[in-house]
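The structure file input.cif is reproduced below (mmCIF, C-alpha atoms).
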```cif
data_model
loop_
_atom_site.label_atom_id
_atom_site.label_comp_id
_atom_site.auth_asym_id
_atom_site.auth_seq_id
_atom_site.Cartn_x
_atom_site.Cartn_y
_atom_site.Cartn_z
CA MET A 22 22.96 -28.40 -20.42
CA ARG A 23 19.25 -29.24 -20.53
CA LYS A 24 18.99 -29.12 -16.74
CA VAL A 25 20.61 -25.68 -16.57
CA LEU A 26 18.37 -24.28 -19.31
CA CYS A 27 15.27 -25.59 -17.53
CA VAL A 28 16.44 -24.02 -14.29
CA LEU A 29 16.89 -20.68 -16.02
CA LEU A 30 13.49 -20.72 -17.70
CA SER A 31 11.71 -21.71 -14.49
CA CYS A 32 13.44 -19.02 -12.48
CA VAL A 33 12.37 -16.30 -14.91
CA ALA A 34 8.80 -17.47 -14.55
CA THR A 35 8.75 -17.76 -10.76
CA SER A 36 10.79 -14.74 -9.62
CA ILE A 37 8.93 -11.91 -11.36
CA SER A 38 6.88 -10.86 -8.35
CA VAL A 39 9.37 -11.79 -5.61
CA MET A 40 11.75 -9.20 -4.08
CA ALA A 41 15.31 -10.48 -4.42
CA ALA A 42 17.62 -10.52 -1.39
CA GLU A 43 20.78 -8.45 -1.47
CA LEU A 44 24.29 -9.77 -1.33
CA SER A 45 26.71 -8.58 1.33
CA PHE A 46 30.47 -8.57 0.95
CA ASP A 47 33.39 -9.10 3.31
CA GLY A 48 37.03 -8.24 2.70
CA LEU A 49 36.41 -5.08 0.67
CA LYS A 50 38.78 -2.15 1.10
CA LEU A 51 36.10 0.24 -0.22
CA PRO A 52 32.29 0.04 0.05
CA VAL A 53 30.40 -1.80 -2.65
CA TYR A 54 28.37 0.31 -5.08
CA LYS A 55 25.03 -1.23 -5.96
CA GLU A 56 23.38 -0.53 -9.31
CA THR A 57 19.76 -1.44 -10.08
CA PRO A 58 19.65 -2.31 -13.79
CA ALA A 59 16.61 -2.23 -16.05
CA THR A 60 14.08 -5.00 -15.55
CA SER A 61 14.68 -6.14 -19.13
CA THR A 62 18.19 -7.31 -18.18
CA GLY A 63 16.77 -10.00 -15.90
CA LEU A 64 19.26 -8.93 -13.23
CA ASP A 65 18.26 -7.91 -9.73
CA ALA A 66 21.47 -6.00 -9.03
CA VAL A 67 24.89 -5.15 -10.40
CA TYR A 68 27.56 -4.76 -7.73
CA VAL A 69 30.68 -2.67 -8.39
CA VAL A 70 33.62 -3.56 -6.16
CA ASN A 71 37.14 -2.15 -6.24
CA GLY A 72 39.17 -5.35 -6.21
CA VAL A 73 38.11 -8.92 -5.38
CA VAL A 74 41.22 -10.36 -3.75
CA GLY A 75 40.17 -11.86 -0.44
CA VAL A 76 36.54 -10.84 -0.99
CA SER A 77 33.60 -13.13 -0.17
CA ALA A 78 29.88 -12.71 -0.82
CA THR A 79 27.08 -13.73 1.53
CA TYR A 80 23.42 -14.43 0.79
CA LYS A 81 20.86 -14.49 3.61
CA SER A 82 17.81 -16.64 2.97
CA SER A 83 14.54 -14.86 3.63
CA THR A 84 12.87 -18.17 4.43
CA GLY A 85 15.62 -19.69 6.55
CA ASN A 86 16.41 -22.20 3.82
CA GLN A 87 19.71 -23.95 4.54
CA SER A 88 20.07 -25.60 1.12
CA VAL A 89 20.58 -22.49 -1.03
CA LYS A 90 22.39 -23.15 -4.30
CA TRP A 91 24.68 -20.84 -6.27
CA TYR A 92 25.35 -20.77 -10.01
CA ARG A 93 27.73 -18.61 -11.99
CA PHE A 94 27.49 -17.50 -15.62
CA SER A 95 29.77 -15.60 -17.96
CA LYS A 96 28.99 -13.21 -20.79
CA LEU A 97 27.35 -16.16 -22.57
CA GLY A 98 24.33 -15.67 -20.32
CA GLY A 99 22.37 -17.61 -17.73
CA GLY A 100 21.63 -20.40 -20.18
CA TYR A 101 25.23 -21.52 -19.66
CA ALA A 102 25.25 -21.21 -15.87
CA GLU A 103 27.23 -23.73 -13.83
CA GLU A 104 26.59 -24.72 -10.24
CA ILE A 105 29.17 -23.65 -7.68
CA THR A 106 30.00 -26.38 -5.20
CA ASP A 107 32.48 -24.42 -3.08
CA ILE A 108 29.73 -22.83 -0.94
CA SER A 109 29.60 -22.83 2.87
CA HIS A 110 26.43 -22.64 4.99
CA ASN A 111 25.92 -21.08 8.39
CA GLY A 112 22.26 -21.31 9.32
CA ASP A 113 20.34 -19.11 6.91
CA LEU A 114 23.58 -17.62 5.56
CA THR A 115 25.23 -19.00 2.43
CA ILE A 116 28.77 -17.83 1.72
CA LEU A 117 30.67 -17.67 -1.56
CA SER A 118 34.23 -17.62 -0.25
CA LYS A 119 35.91 -16.47 -3.45
CA VAL A 120 34.25 -13.83 -5.60
CA GLU A 121 35.29 -13.95 -9.24
CA PRO A 122 35.46 -10.60 -11.05
CA ASP A 123 33.21 -9.70 -13.95
CA MET A 124 30.95 -12.69 -13.45
CA GLY A 125 27.23 -13.31 -13.10
CA TYR A 126 25.65 -15.25 -10.25
CA ILE A 127 22.30 -16.97 -9.75
CA VAL A 128 21.20 -17.76 -6.21
CA GLU A 129 18.48 -20.38 -5.89
CA ASP A 130 16.54 -20.09 -2.63
CA GLY A 131 13.81 -22.69 -2.84
CA THR A 132 11.46 -21.48 -5.59
CA GLN A 133 12.97 -18.00 -5.54
CA ARG A 134 15.95 -17.17 -7.73
CA SER A 135 17.99 -13.99 -7.76
CA TYR A 136 20.36 -12.77 -10.48
CA TYR A 137 23.46 -10.66 -9.93
CA TRP A 138 26.52 -9.44 -11.79
CA ILE A 139 29.75 -8.34 -10.11
CA VAL A 140 31.99 -5.75 -11.81
CA ASP A 141 35.57 -5.34 -10.64
CA TYR A 142 36.34 -1.62 -10.93
CA SER A 143 40.07 -2.22 -10.39
CA ASN A 144 40.21 -3.66 -13.91
CA CYS A 145 38.78 -0.45 -15.39
CA ILE A 146 40.17 2.35 -13.20
CA LEU A 147 39.55 5.86 -14.46
CA SER A 148 42.50 8.23 -14.78
CA LEU A 149 42.39 11.79 -16.16
CA ASP A 150 45.71 13.36 -17.08
CA ALA A 151 44.87 16.29 -19.36
CA VAL A 152 42.11 18.12 -21.22
CA THR A 153 42.90 19.92 -24.45
CA PHE A 154 40.81 21.54 -27.16
CA SER A 155 41.23 22.10 -30.86
CA SER A 156 42.16 25.58 -32.07
CA ASP A 157 39.77 25.27 -35.03
CA ALA A 158 36.59 24.81 -33.00
CA GLU A 159 33.35 25.35 -34.88
CA CYS A 160 30.75 27.95 -33.97
CA ASP A 161 28.25 25.51 -32.42
CA MET A 162 30.05 22.36 -31.27
CA MET A 163 33.65 21.63 -30.36
CA MET A 164 35.77 18.64 -29.41
CA LEU A 165 37.66 18.14 -26.17
CA ASP A 166 40.53 15.66 -26.16
CA LEU A 167 41.04 13.65 -22.95
CA THR A 168 44.31 12.01 -21.97
CA GLY A 169 43.83 9.16 -19.54
CA THR A 170 42.34 5.69 -19.22
CA GLY A 171 39.01 4.13 -18.36
CA ALA A 172 37.69 1.01 -20.07
CA ASP A 173 33.96 0.37 -20.17
CA LEU A 174 32.40 -1.03 -17.01
CA ALA A 175 30.61 -3.82 -18.82
CA TYR A 176 28.15 -6.40 -17.56
CA TYR A 177 25.94 -9.01 -19.23
CA THR A 178 22.24 -9.77 -18.96
CA ILE A 179 20.92 -13.24 -18.29
CA ASN A 180 20.44 -13.50 -22.05
CA GLY A 181 24.08 -12.64 -22.74
CA GLN A 182 23.57 -9.06 -23.93
CA ARG A 183 26.42 -6.67 -23.20
CA LYS A 184 25.55 -3.54 -21.22
CA VAL A 185 27.72 -0.70 -19.96
CA LEU A 186 27.41 1.09 -16.63
CA ASP A 187 27.15 4.85 -16.71
CA ARG A 188 30.29 6.31 -15.16
CA GLU A 189 28.74 9.80 -15.07
CA LEU A 190 31.88 11.65 -16.02
CA THR A 191 31.24 15.40 -15.89
CA VAL A 192 32.50 18.22 -18.08
CA SER A 193 32.00 21.65 -16.49
CA TYR A 194 32.62 25.07 -17.98
CA SER A 195 31.19 28.59 -18.05
CA SER A 196 28.97 30.04 -20.76
CA LEU A 197 26.32 32.73 -21.23
CA GLN A 198 22.56 32.25 -21.07
CA TRP A 199 19.89 34.69 -22.16
CA ASN A 200 17.62 36.04 -19.40
CA GLU A 201 14.42 37.03 -21.17
CA GLU A 202 12.90 38.83 -18.21
CA GLY A 203 15.95 40.97 -17.53
CA ARG A 204 17.04 41.17 -21.18
CA VAL A 205 20.62 40.35 -20.36
CA TYR A 206 23.16 37.58 -21.02
CA GLU A 207 24.08 35.98 -17.70
CA SER A 208 27.05 33.81 -16.79
CA VAL A 209 26.07 30.19 -16.08
CA GLN A 210 27.89 26.95 -15.36
CA VAL A 211 27.33 24.18 -17.87
CA ASP A 212 27.58 20.60 -16.64
CA LYS A 213 27.41 17.78 -19.15
CA SER A 214 27.54 14.13 -18.18
CA PHE A 215 29.17 11.37 -20.21
CA GLU A 216 28.55 7.67 -19.76
CA SER A 217 31.99 6.36 -20.69
CA PHE A 218 35.57 7.58 -20.94
CA LYS A 219 36.43 8.61 -24.49
CA SER A 220 39.52 10.18 -25.96
CA SER A 221 37.37 12.86 -27.60
CA ILE A 222 34.04 14.28 -26.46
CA SER A 223 31.76 16.85 -28.06
CA VAL A 224 30.38 19.87 -26.19
CA GLN A 225 28.46 23.01 -27.03
CA VAL A 226 30.86 25.88 -27.71
CA PRO A 227 30.77 28.32 -24.78
CA LEU A 228 29.70 31.92 -25.38
CA CYS A 229 32.43 33.33 -23.12
CA ASN A 230 36.09 32.61 -22.35
CA THR A 231 36.42 29.67 -19.98
CA THR A 232 38.36 26.62 -18.89
CA PHE A 233 37.03 23.08 -19.19
CA TYR A 234 37.02 20.92 -16.05
CA VAL A 235 36.54 17.15 -16.42
CA SER A 236 35.92 15.05 -13.32
CA GLY A 237 34.73 11.60 -12.43
CA ASP A 238 33.52 9.18 -12.08
CA LYS A 239 30.53 8.51 -9.81
CA TYR A 240 32.22 5.45 -8.30
CA LEU A 241 35.35 7.38 -7.40
CA ARG A 242 33.15 10.15 -5.98
CA TYR A 243 31.39 7.52 -3.87
CA TRP A 244 34.77 6.37 -2.59
CA ASP A 245 36.07 9.95 -2.13
CA GLU A 246 38.75 9.32 -4.73
CA GLU A 247 37.45 11.47 -7.59
CA VAL A 248 40.00 12.43 -10.27
CA SER A 249 39.94 15.51 -12.48
CA ALA A 250 41.77 17.50 -15.15
CA GLU A 251 41.54 21.11 -16.29
CA SER A 252 42.24 22.72 -19.66
CA ASP A 253 44.00 25.97 -20.50
CA LEU A 254 41.88 29.10 -21.00
CA TYR A 255 39.67 28.79 -24.05
CA VAL A 256 39.01 32.07 -25.92
CA THR A 257 35.60 31.77 -27.51
CA GLN A 258 34.70 32.71 -31.06
CA ALA A 259 31.05 31.68 -30.78
CA VAL A 260 28.45 34.44 -30.92
CA GLU A 261 24.76 34.93 -30.22
CA VAL A 262 22.50 37.96 -30.56
CA LYS A 263 18.97 38.93 -29.54
CA GLY A 264 16.86 41.70 -31.05
CA TYR A 265 13.75 43.59 -29.96
CA ALA A 266 11.46 46.12 -31.65
CA THR A 267 9.16 48.61 -29.88
CA GLN A 268 6.89 50.99 -31.76
CA GLN A 269 6.57 54.44 -30.22
CA ASN A 270 3.43 55.69 -31.98
CA VAL A 271 1.08 52.71 -32.02
CA THR A 272 -1.97 53.37 -34.21
CA ASP A 273 -5.37 51.74 -34.22
CA ASP A 274 -4.75 50.13 -37.60
CA SER A 275 -1.53 48.40 -36.54
CA GLN A 276 -3.57 45.68 -34.76
CA GLY A 277 -0.70 44.52 -32.61
CA THR A 278 1.80 44.35 -35.47
CA LEU A 279 4.64 46.69 -36.33
CA GLY A 280 3.81 49.52 -38.69
CA GLY A 281 0.30 50.57 -39.59
CA SER A 282 0.09 54.25 -40.41
CA ALA A 283 3.14 56.29 -41.37
CA PRO A 284 5.12 57.84 -39.92
CA ALA A 285 5.80 54.76 -37.77
CA VAL A 286 8.58 55.37 -35.24
CA ILE A 287 10.17 52.11 -34.06
CA ASP A 288 13.04 51.53 -31.61
CA PHE A 289 15.28 48.56 -32.35
CA GLU A 290 17.49 47.22 -29.54
CA ALA A 291 20.14 44.48 -29.83
CA TYR A 292 21.98 42.45 -27.19
CA VAL A 293 25.18 40.53 -27.97
CA THR A 294 27.58 38.04 -26.39
CA ASP A 295 31.26 38.63 -25.65
CA ALA A 296 32.85 37.68 -28.98
CA VAL A 297 30.60 39.86 -31.15
CA VAL A 298 32.69 42.52 -32.90
CA PHE A 299 30.76 43.21 -36.10
CA LYS A 300 27.26 44.58 -35.36
CA GLU A 301 24.64 45.69 -37.84
CA TRP A 302 20.92 46.43 -38.06
CA GLN A 303 19.66 45.78 -41.58
CA ILE A 304 16.46 47.09 -43.20
CA ALA A 305 15.49 45.30 -46.39
CA SER A 306 12.64 45.20 -48.87
CA ASP A 307 12.64 41.38 -48.96
CA SER A 308 12.58 38.72 -46.26
CA GLU A 309 15.73 37.06 -47.64
CA PHE A 310 17.67 40.34 -47.20
CA GLU A 311 18.97 40.25 -50.74
CA ASN A 312 18.02 43.91 -51.20
CA ILE A 313 19.20 45.71 -48.08
CA LEU A 314 18.08 49.35 -48.07
CA TYR A 315 19.81 50.62 -44.93
CA ARG A 316 22.56 49.46 -42.58
CA TYR A 317 23.33 50.78 -39.10
CA SER A 318 26.31 49.67 -37.00
CA GLU A 319 24.83 50.65 -33.63
CA GLU A 320 23.22 48.18 -31.21
CA SER A 321 20.30 50.58 -30.65
CA ILE A 322 18.60 52.60 -33.37
CA GLN A 323 15.33 54.46 -33.88
CA TYR A 324 13.91 54.42 -37.38
CA THR A 325 10.92 56.27 -38.80
CA PHE A 326 9.09 54.44 -41.59
CA ASN A 327 7.67 57.09 -43.96
CA GLU A 328 7.03 54.99 -47.03
CA ALA A 329 4.19 52.59 -47.77
CA GLY A 330 5.05 48.93 -48.18
CA THR A 331 6.45 45.99 -46.23
CA PHE A 332 9.94 46.14 -44.76
CA TYR A 333 12.06 43.54 -42.99
CA VAL A 334 14.47 44.31 -40.17
CA GLN A 335 17.06 42.09 -38.48
CA PHE A 336 20.21 42.42 -36.41
CA THR A 337 23.32 40.45 -37.28
CA GLY A 338 26.50 39.98 -35.29
CA ALA A 339 29.81 38.28 -36.07
CA ASN A 340 33.17 37.63 -34.44
CA ALA A 341 36.35 39.45 -35.41
CA ASP A 342 37.20 37.36 -38.47
CA GLY A 343 33.61 36.70 -39.52
CA THR A 344 33.82 32.94 -39.10
CA CYS A 345 30.92 32.85 -36.64
CA ASN A 346 27.76 34.88 -36.97
CA SER A 347 24.29 35.09 -35.51
CA THR A 348 21.09 36.90 -36.50
CA SER A 349 18.08 37.99 -34.51
CA GLU A 350 14.52 37.24 -35.41
CA VAL A 351 13.21 39.09 -38.46
CA PHE A 352 10.79 41.94 -37.73
CA GLU A 353 8.18 42.66 -40.40
CA VAL A 354 6.97 46.26 -40.65
CA SER A 355 3.94 46.97 -42.86
CA ILE A 356 3.01 50.54 -43.72
CA GLY A 357 -0.40 50.99 -45.32
CA GLU A 358 -1.43 53.25 -48.22
CA SER A 359 -2.28 56.86 -47.41
CA ARG A 360 -5.76 58.25 -46.82
CA LEU A 361 -6.99 61.75 -45.93
CA GLU A 362 -10.60 62.80 -45.31
CA CYS A 363 -12.07 66.02 -43.87
CA PRO A 364 -15.41 66.55 -42.08
CA ASN A 365 -17.62 69.45 -43.16
CA ALA A 366 -19.20 70.40 -39.83
CA PHE A 367 -18.69 70.37 -36.07
CA SER A 368 -20.16 71.92 -32.92
CA PRO A 369 -17.62 73.27 -30.38
CA LEU A 370 -20.19 73.36 -27.55
CA SER A 371 -21.57 69.89 -28.20
CA ASP A 372 -21.90 67.43 -25.34
CA VAL A 373 -20.31 64.78 -27.56
CA ASP A 374 -16.50 64.92 -27.44
CA ASP A 375 -16.01 63.79 -31.04
CA SER A 376 -18.20 66.64 -32.26
CA LYS A 377 -16.43 69.41 -30.31
CA VAL A 378 -13.41 69.72 -32.63
CA TRP A 379 -12.69 69.68 -36.32
CA ARG A 380 -10.26 66.84 -37.01
CA VAL A 381 -9.16 65.14 -40.21
CA THR A 382 -9.18 61.36 -40.64
CA TYR A 383 -5.91 60.13 -42.04
CA LYS A 384 -3.55 57.23 -42.55
CA SER A 385 0.13 57.22 -43.54
CA ILE A 386 0.37 60.98 -44.02
CA VAL A 387 4.01 62.05 -43.73
CA ASP A 388 3.78 65.72 -44.75
CA PHE A 389 0.83 67.95 -43.84
CA LYS A 390 -0.19 71.63 -43.84
CA CYS A 391 -3.69 72.89 -43.09
CA HIS A 392 -4.93 76.51 -43.15
CA ILE A 393 -8.41 77.61 -42.02
CA PHE A 394 -9.94 80.91 -43.18
CA ASN A 395 -13.08 82.87 -42.43
CA ARG A 396 -15.38 84.05 -45.18
CA TYR A 397 -13.30 87.20 -45.61
CA GLY A 398 -10.18 85.20 -46.42
CA MET A 399 -8.41 85.84 -43.14
CA GLU A 400 -6.43 82.92 -41.75
CA ILE A 401 -7.67 82.10 -38.24
CA PHE A 402 -5.93 78.76 -37.59
CA SER A 403 -3.24 76.47 -39.05
CA PHE A 404 -1.45 73.28 -38.08
CA THR A 405 1.12 70.87 -39.55
CA ASP A 406 0.37 67.67 -37.66
CA PRO A 407 -2.67 65.71 -38.90
CA SER A 408 -3.22 64.43 -35.37
CA GLN A 409 -4.00 67.97 -34.19
CA CYS A 410 -7.41 69.63 -34.44
CA TRP A 411 -9.24 72.99 -34.40
CA ASP A 412 -11.47 73.70 -31.41
CA GLY A 413 -13.38 76.53 -33.13
CA LYS A 414 -11.52 79.34 -31.40
CA TYR A 415 -9.66 82.37 -32.69
CA LYS A 416 -7.44 84.24 -30.25
CA GLY A 417 -8.93 82.30 -27.36
CA LYS A 418 -12.60 82.88 -28.19
CA TYR A 419 -15.10 80.81 -30.08
CA VAL A 420 -15.81 82.14 -33.56
CA ASP A 421 -19.33 82.85 -34.79
CA ALA A 422 -21.44 80.09 -36.25
CA GLY A 423 -21.29 79.93 -40.00
CA VAL A 424 -19.17 78.70 -42.87
CA TYR A 425 -15.38 78.59 -42.80
CA PHE A 426 -12.90 77.22 -45.28
CA TYR A 427 -9.88 74.90 -45.19
CA VAL A 428 -6.99 74.42 -47.59
CA ILE A 429 -4.79 71.35 -47.17
CA GLN A 430 -1.57 70.27 -48.84
CA ALA A 431 -0.30 66.85 -47.84
CA ARG A 432 1.76 63.89 -49.00
CA GLY A 433 1.22 60.22 -48.21
CA ALA A 434 3.78 57.51 -47.46
CA ASP A 435 2.89 55.99 -50.81
CA GLY A 436 3.91 59.22 -52.59
CA LYS A 437 0.36 60.40 -53.19
CA ASN A 438 -0.09 64.21 -53.06
CA TYR A 439 -3.22 65.77 -51.61
CA LYS A 440 -4.59 69.24 -52.39
CA LEU A 441 -7.90 69.60 -50.62
CA LYS A 442 -10.29 72.52 -50.22
CA GLY A 443 -13.68 72.59 -48.55
CA ASP A 444 -16.21 74.13 -46.20
CA ILE A 445 -16.37 73.85 -42.44
CA ASN A 446 -19.80 74.51 -40.99
CA ILE A 447 -19.91 75.50 -37.31
CA ILE A 448 -23.35 74.74 -35.93
CA ASN A 449 -25.26 74.76 -32.61
CA LEU A 450 -23.00 77.42 -31.18
CA LYS A 451 -24.19 79.35 -28.12
CA ASP A 452 -22.92 82.76 -27.00
CA ASN A 453 -19.26 83.47 -27.50
CA LYS A 454 -17.11 82.62 -24.52
#
```
Take the structure in the file and give it back as structure tokens.
Amino acid sequence: MRKVLCVLLSCVATSISVMAAELSFDGLKLPVYKETPATSTGLDAVYVVNGVVGVSATYKSSTGNQSVKWYRFSKLGGGYAEEITDISHNGDLTILSKVEPDMGYIVEDGTQRSYYWIVDYSNCILSLDAVTFSSDAECDMMMLDLTGTGADLAYYTINGQRKVLDRELTVSYSSLQWNEEGRVYESVQVDKSFESFKSSISVQVPLCNTTFYVSGDKYLRYWDEEVSAESDLYVTQAVEVKGYATQQNVTDDSQGTLGGSAPAVIDFEAYVTDAVVFKEWQIASDSEFENILYRYSEESIQYTFNEAGTFYVQFTGANADGTCNSTSEVFEVSIGESRLECPNAFSPLSDVDDSKVWRVTYKSIVDFKCHIFNRYGMEIFSFTDPSQCWDGKYKGKYVDAGVYFYVIQARGADGKNYKLKGDINIINLKDNK
């Protein structure tokens, strides 16, 4: 025992920087599959063979050494390795005439030692007979039940730690994926890999009707003997929605956010996946949507915000029985308090554009009427949109310089009423045109 332990410790110390030689095999019906395990295992290679009856392994010395020694170790680790005496030599070739399945081997080539494990796949053959799914799948994840066999392809490190090879079983099915650039849900294939065969596996619930296709494993693919199984059609109940908001009349005081000055006209557009039946835009006065003010069942709506305050808007979608639902992001719309101010002078023939017209300054005005009179009380201009202006003309001609009068009745989004009267002084006016 002491001699074997010393051999193991010395080989770990001396083989770190040396490239290990590969084993070759004779008598195999199918090609060997070589795995390169993590350095921490202490192994240089794991070989997967499909049956070991009549199979031999050959090691070729890189130095021409004709006294190569072989050791074998079980799941107990390299510390319990035993020398193999049934080894034949042919020049720089050393041949193990009988490969034992699921066993580790140490090859000592002078000061260089290499560590291998051989897995016999024929003891753990994968079979797939059927794929079924539960009728009570959840909205996010679901279980697939596999009928078949496939024990773990296990190997052991030189320290006796159990490891499992990744079979790379694949579950494939269709789903929907959001394309942000095109604003559309697109059909995609989902491929999920599983390390080991299990009777039940968990997958993301698809967003469209589909069948589940399970295939594997990578060793059978390598040998062109892949097996597979396919489920019946799965009718999805999972849902997903996306929502967008676009303001039509963007004002300077909105500063990149929704709202600003009333009236704020905003288009809301929703996109939904296949199973969405219930659809609703909700406008609430609180971010938790406990006090919903308005509901609209269309996917696309246009709403005009005429009241001051902060409002919250979201789209929600659900399947036919309401067991699965999804909501869009929450859009916050802030409408400021009203304001209305009137200048008292302007010059229609000024070289400065802002001075050429008489225009009110306002914010969140939702109802507006303005009448302009001359000094004799005759109305010469009126308008009902605070964004409009008076250019100083009456019947297509500029009026005379002097004092004119305005009367305004308006209402703000905050409910404030305005009744304004004042003078308008037209100055620096040249000849009538």
For this file, the PyMOL selection byres ((chain A and resi 444-450) around 6) selects which residues, as a VMD selection string?
-> chain A and resid 365 to 368 422 to 426 443 451
So what does the PyMOL selection byres ((chain A and resi 388) around 12) actually pick up in this one, as a PyMOL selection string?
-> chain A and resi 283-284+327-328+359+361+383-387+389-391+404-408+429-440
Take the residues just selected and output them with C-alpha atoms as a PDB file, keeping the file's coordinate frame.
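Contents of the output file selection05.pdb:
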```pdb
ATOM      1  CA  ALA A 283       3.140  56.290 -41.370  1.00  0.00           C
ATOM      2  CA  PRO A 284       5.120  57.840 -39.920  1.00  0.00           C
ATOM      3  CA  ASN A 327       7.670  57.090 -43.960  1.00  0.00           C
ATOM      4  CA  GLU A 328       7.030  54.990 -47.030  1.00  0.00           C
ATOM      5  CA  SER A 359      -2.280  56.860 -47.410  1.00  0.00           C
ATOM      6  CA  LEU A 361      -6.990  61.750 -45.930  1.00  0.00           C
ATOM      7  CA  TYR A 383      -5.910  60.130 -42.040  1.00  0.00           C
ATOM      8  CA  LYS A 384      -3.550  57.230 -42.550  1.00  0.00           C
ATOM      9  CA  SER A 385       0.130  57.220 -43.540  1.00  0.00           C
ATOM     10  CA  ILE A 386       0.370  60.980 -44.020  1.00  0.00           C
ATOM     11  CA  VAL A 387       4.010  62.050 -43.730  1.00  0.00           C
ATOM     12  CA  PHE A 389       0.830  67.950 -43.840  1.00  0.00           C
ATOM     13  CA  LYS A 390      -0.190  71.630 -43.840  1.00  0.00           C
ATOM     14  CA  CYS A 391      -3.690  72.890 -43.090  1.00  0.00           C
ATOM     15  CA  PHE A 404      -1.450  73.280 -38.080  1.00  0.00           C
ATOM     16  CA  THR A 405       1.120  70.870 -39.550  1.00  0.00           C
ATOM     17  CA  ASP A 406       0.370  67.670 -37.660  1.00  0.00           C
ATOM     18  CA  PRO A 407      -2.670  65.710 -38.900  1.00  0.00           C
ATOM     19  CA  SER A 408      -3.220  64.430 -35.370  1.00  0.00           C
ATOM     20  CA  ILE A 429      -4.790  71.350 -47.170  1.00  0.00           C
ATOM     21  CA  GLN A 430      -1.570  70.270 -48.840  1.00  0.00           C
ATOM     22  CA  ALA A 431      -0.300  66.850 -47.840  1.00  0.00           C
ATOM     23  CA  ARG A 432       1.760  63.890 -49.000  1.00  0.00           C
ATOM     24  CA  GLY A 433       1.220  60.220 -48.210  1.00  0.00           C
ATOM     25  CA  ALA A 434       3.780  57.510 -47.460  1.00  0.00           C
ATOM     26  CA  ASP A 435       2.890  55.990 -50.810  1.00  0.00           C
ATOM     27  CA  GLY A 436       3.910  59.220 -52.590  1.00  0.00           C
ATOM     28  CA  LYS A 437       0.360  60.400 -53.190  1.00  0.00           C
ATOM     29  CA  ASN A 438      -0.090  64.210 -53.060  1.00  0.00           C
ATOM     30  CA  TYR A 439      -3.220  65.770 -51.610  1.00  0.00           C
ATOM     31  CA  LYS A 440      -4.590  69.240 -52.390  1.00  0.00           C
TER      32      LYS A 440
END
```
Selection dump of the PyMOL selection byres ((chain A and resi 234-241) around 9), as a PyMOL selection string = chain A and resi 54+69+142+147-149+151-152+167+187-194+232-233+242-252
Hey, which of A:Asn395, A:Ser308, A:Gln409, A:Thr62 ends up closest to Glu353 (chain A)? Count all atoms listed in the file.
->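 Using all atoms listed in the file, Glu353 (chain A) sits closest to A:Ser308.
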Point-to-point distance in Å for CA of Trp379 (chain A) and CA of Cys410 (chain A) |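 Atom-to-atom, CA of Cys410 (chain A) to CA of Trp379 (chain A), that is 5.6 Å.
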Counting all atoms listed in the file, write as a PyMOL selection string all protein and nucleic acid residues lying at most 9 Å from (24.5, -15.4, -9.6) in the file's frame.
-> chain A and resi 91-94+99+102+124-129+134-139
If you measure from CA of Tyr177 (chain A) to CA of Ser82 (chain A), what distance in Å do you get, rounded to one decimal?
->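 Taking CA of Tyr177 (chain A) as the start and CA of Ser82 (chain A) as the end point, the length is 24.8 Å.
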May I have the protein, DNA and RNA residues with any atom at most 10 Å from the point (19.2, 50.1, -38.4), counting all atoms listed in the file, written as a PyMOL selection string?
-> chain A and resi 288-290+301-304+314-324+334-336
Can you take region 301-315 of chain A from the block and write C-alpha atoms as a compact mmCIF listing (two decimals), in the first residue's frame?
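Resulting contents of result.txt:
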```
# COMPACT_ATOMS: atom_id res chain seq x y z
CA GLU A 301 -57.19 45.48 -21.38
CA TRP A 302 -55.49 48.87 -21.15
CA GLN A 303 -55.87 50.29 -17.65
CA ILE A 304 -55.49 53.92 -16.55
CA ALA A 305 -55.15 54.38 -12.80
CA SER A 306 -54.45 57.11 -10.30
CA ASP A 307 -52.00 54.93 -8.35
CA SER A 308 -49.01 52.82 -9.38
CA GLU A 309 -50.48 49.71 -7.72
CA PHE A 310 -53.61 49.99 -9.91
CA GLU A 311 -55.93 49.72 -6.95
CA ASN A 312 -57.94 52.69 -8.24
CA ILE A 313 -58.45 52.09 -11.95
CA LEU A 314 -60.13 55.07 -13.62
CA TYR A 315 -60.62 53.73 -17.14
```
